[in-house]
file data-v2.txt (compact mmCIF, C-alpha atoms)
# COMPACT_ATOMS: atom_id res chain seq x y z
CA GLU A 1 2.75 20.71 -14.45
CA ASP A 2 3.27 17.42 -12.57
CA LEU A 3 3.24 19.23 -9.24
CA PHE A 4 0.03 21.03 -10.18
CA ASN A 5 -1.59 17.74 -11.26
CA MET A 6 -0.58 15.96 -8.06
CA ARG A 7 -1.98 18.78 -5.95
CA GLN A 8 -5.24 18.66 -7.87
CA ALA A 9 -5.40 14.86 -7.48
CA ILE A 10 -4.88 15.18 -3.71
CA ASP A 11 -7.66 17.76 -3.47
CA GLN A 12 -10.05 15.76 -5.65
CA TYR A 13 -9.34 12.53 -3.74
CA THR A 14 -10.03 14.34 -0.45
CA GLN A 15 -13.30 15.76 -1.73
CA ASP A 16 -14.52 12.52 -3.32
CA LYS A 17 -13.54 10.16 -0.50
CA SER A 18 -14.24 12.58 2.39
CA LYS A 19 -10.77 11.76 3.68
CA ALA A 20 -7.28 12.82 2.71
CA PRO A 21 -4.87 10.32 1.14
CA GLN A 22 -2.48 8.77 3.63
CA ALA A 23 0.21 8.15 1.00
CA LEU A 24 0.81 9.35 -2.56
CA ASP A 25 0.18 5.79 -3.74
CA ASP A 26 -3.44 6.20 -2.57
CA ILE A 27 -4.13 8.67 -5.40
CA VAL A 28 -2.67 6.25 -7.93
CA THR A 29 -4.54 3.22 -6.58
CA ALA A 30 -7.79 5.21 -6.67
CA GLY A 31 -7.18 6.20 -10.30
CA TYR A 32 -6.57 9.92 -9.87
CA LEU A 33 -3.10 9.57 -11.44
CA HIS A 34 -1.64 6.82 -13.61
CA ALA A 35 1.64 6.94 -11.68
CA ILE A 36 3.55 9.21 -9.34
CA PRO A 37 5.61 11.42 -11.67
CA LYS A 38 9.32 11.96 -11.29
CA ASP A 39 10.39 15.06 -9.44
CA PRO A 40 12.04 17.16 -12.19
CA PHE A 41 14.84 18.22 -9.84
CA THR A 42 15.71 14.87 -8.25
CA HIS A 43 14.70 12.74 -11.26
CA ALA A 44 12.99 10.25 -8.94
CA ALA A 45 9.36 9.53 -8.11
CA ASP A 46 10.08 8.63 -4.50
CA THR A 47 11.65 11.91 -3.32
CA TRP A 48 8.48 14.01 -3.18
CA GLN A 49 7.92 15.50 0.28
CA THR A 50 4.34 15.28 1.50
CA VAL A 51 2.73 17.79 3.83
CA GLN A 52 0.57 16.03 6.41
CA GLU A 53 -2.06 18.03 8.25
CA ASP A 54 -4.24 17.12 11.20
CA VAL A 55 -6.84 19.66 10.10
CA LEU A 56 -9.98 18.67 8.23
CA THR A 57 -10.52 20.88 5.17
CA SER A 58 -14.26 20.37 4.84
CA ILE A 59 -17.20 19.57 7.07
CA ASP A 60 -17.62 16.19 5.33
CA GLN A 61 -13.98 15.14 5.68
CA THR A 62 -13.54 12.28 8.14
CA GLN A 63 -9.77 11.77 8.16
CA PRO A 64 -6.81 14.14 7.82
CA GLY A 65 -3.71 13.23 5.84
CA ILE A 66 -1.71 14.55 2.91
CA SER A 67 -2.72 18.09 2.03
CA ASP A 68 0.16 19.10 -0.25
CA VAL A 69 3.30 17.85 -1.96
CA LYS A 70 6.62 19.56 -2.62
CA SER A 71 9.85 18.74 -4.40
CA GLY A 72 12.39 16.73 -2.44
CA SER A 73 15.21 18.76 -3.95
CA SER A 74 17.63 20.76 -1.84
CA LEU A 75 18.55 22.94 -4.84
CA ILE A 76 18.00 26.71 -4.87
CA SER A 77 16.20 28.49 -7.71
CA SER A 78 17.66 31.44 -9.60
CA GLU A 79 15.37 33.64 -7.46
CA GLY A 80 17.10 32.39 -4.29
CA THR A 81 14.28 30.22 -2.95
CA ALA A 82 14.55 26.49 -2.36
CA TYR A 83 12.56 24.35 -4.76
CA ASN A 84 11.23 22.34 -1.82
CA THR A 85 9.35 25.42 -0.59
CA TRP A 86 7.24 25.83 -3.74
call {"tool": "encode", "arguments": {"input": "data-v2.txt", "output": "structure tokens"}}
result
Amino acid sequence: EDLFNMRQAIDQYTQDKSKAPQALDDIVTAGYLHAIPKDPFTHAADTWQTVQEDVLTSIDQTQPGISDVKSGSSLISSEGTAYNTW
């Protein structure tokens, strides 16, 4: 749920500001989240791995930046995929 909410906050920030956040703290400072949640696998809020893109996602977007976030965990799920690929 936290991962879903962070992804939604990144998308909403990008749409509202016409630029992508440059750091996860940007979505907190702008009020899209109260705080960066803890990664459920690493139990820390500072281990999230951000995906930075140089591509603009809309015609109105003026600055690229964070487009996605993934777990910083190196653990493997029971399905055999790494959590940091989800």
call {"tool": "closest_residue", "arguments": {"input": "data-v2.txt", "among": "A:Ile66, A:Ala9, A:Leu75, A:Ala82", "to": "Thr42 in chain A", "atoms": "only C-alpha atoms"}}
result
A:Leu75
call {"tool": "atom_distance", "arguments": {"input": "data-v2.txt", "atom1": "CA of Gly31 in chain A", "atom2": "CA of Thr85 in chain A"}}
result
27.1 Å
call {"tool": "atom_distance", "arguments": {"input": "data-v2.txt", "atom1": "CA of Ala44 in chain A", "atom2": "CA of Gln8 in chain A"}}
result
20.1 Å
call {"tool": "atom_distance", "arguments": {"input": "data-v2.txt", "atom1": "CA of Lys70 in chain A", "atom2": "CA of Gln49 in chain A"}}
result
5.2 Å
call {"tool": "closest_residue", "arguments": {"input": "data-v2.txt", "among": "A:Trp86, A:Arg7, A:Thr81, A:Lys38", "to": "Ala20 in chain A", "atoms": "all atoms listed in the file"}}
result
A:Arg7
call {"tool": "closest_residue", "arguments": {"input": "data-v2.txt", "among": "A:Ser67, A:Asn84, A:Asn5, A:Ser78", "to": "Ile36 in chain A", "atoms": "all atoms listed in the file"}}
result
A:Asn5
call {"tool": "closest_residue", "arguments": {"input": "data-v2.txt", "among": "A:Met6, A:Asp54, A:Ser71, A:Ser77", "to": "Pro40 in chain A", "atoms": "only C-alpha atoms"}}
result
A:Ser71
call {"tool": "axis_aligned_box", "arguments": {"input": "data-v2.txt", "around": "range 9-17 of chain A", "padding_each_side": "3 Å", "output": "JSON"}}
result
{"center_x": -9.7, "center_y": 14.0, "center_z": -4.0, "size_x": 15.6, "size_y": 13.6, "size_z": 13.0}
call {"tool": "closest_residue", "arguments": {"input": "data-v2.txt", "among": "A:Glu53, A:Asp2, A:Asp16, A:Asp60", "to": "Leu33 in chain A", "atoms": "only C-alpha atoms"}}
result
A:Asp2
call {"tool": "closest_residue", "arguments": {"input": "data-v2.txt", "among": "A:Asp26, A:Asp39, A:Glu1, A:Asp11", "to": "Ser74 in chain A", "atoms": "all atoms listed in the file"}}
result
A:Asp39
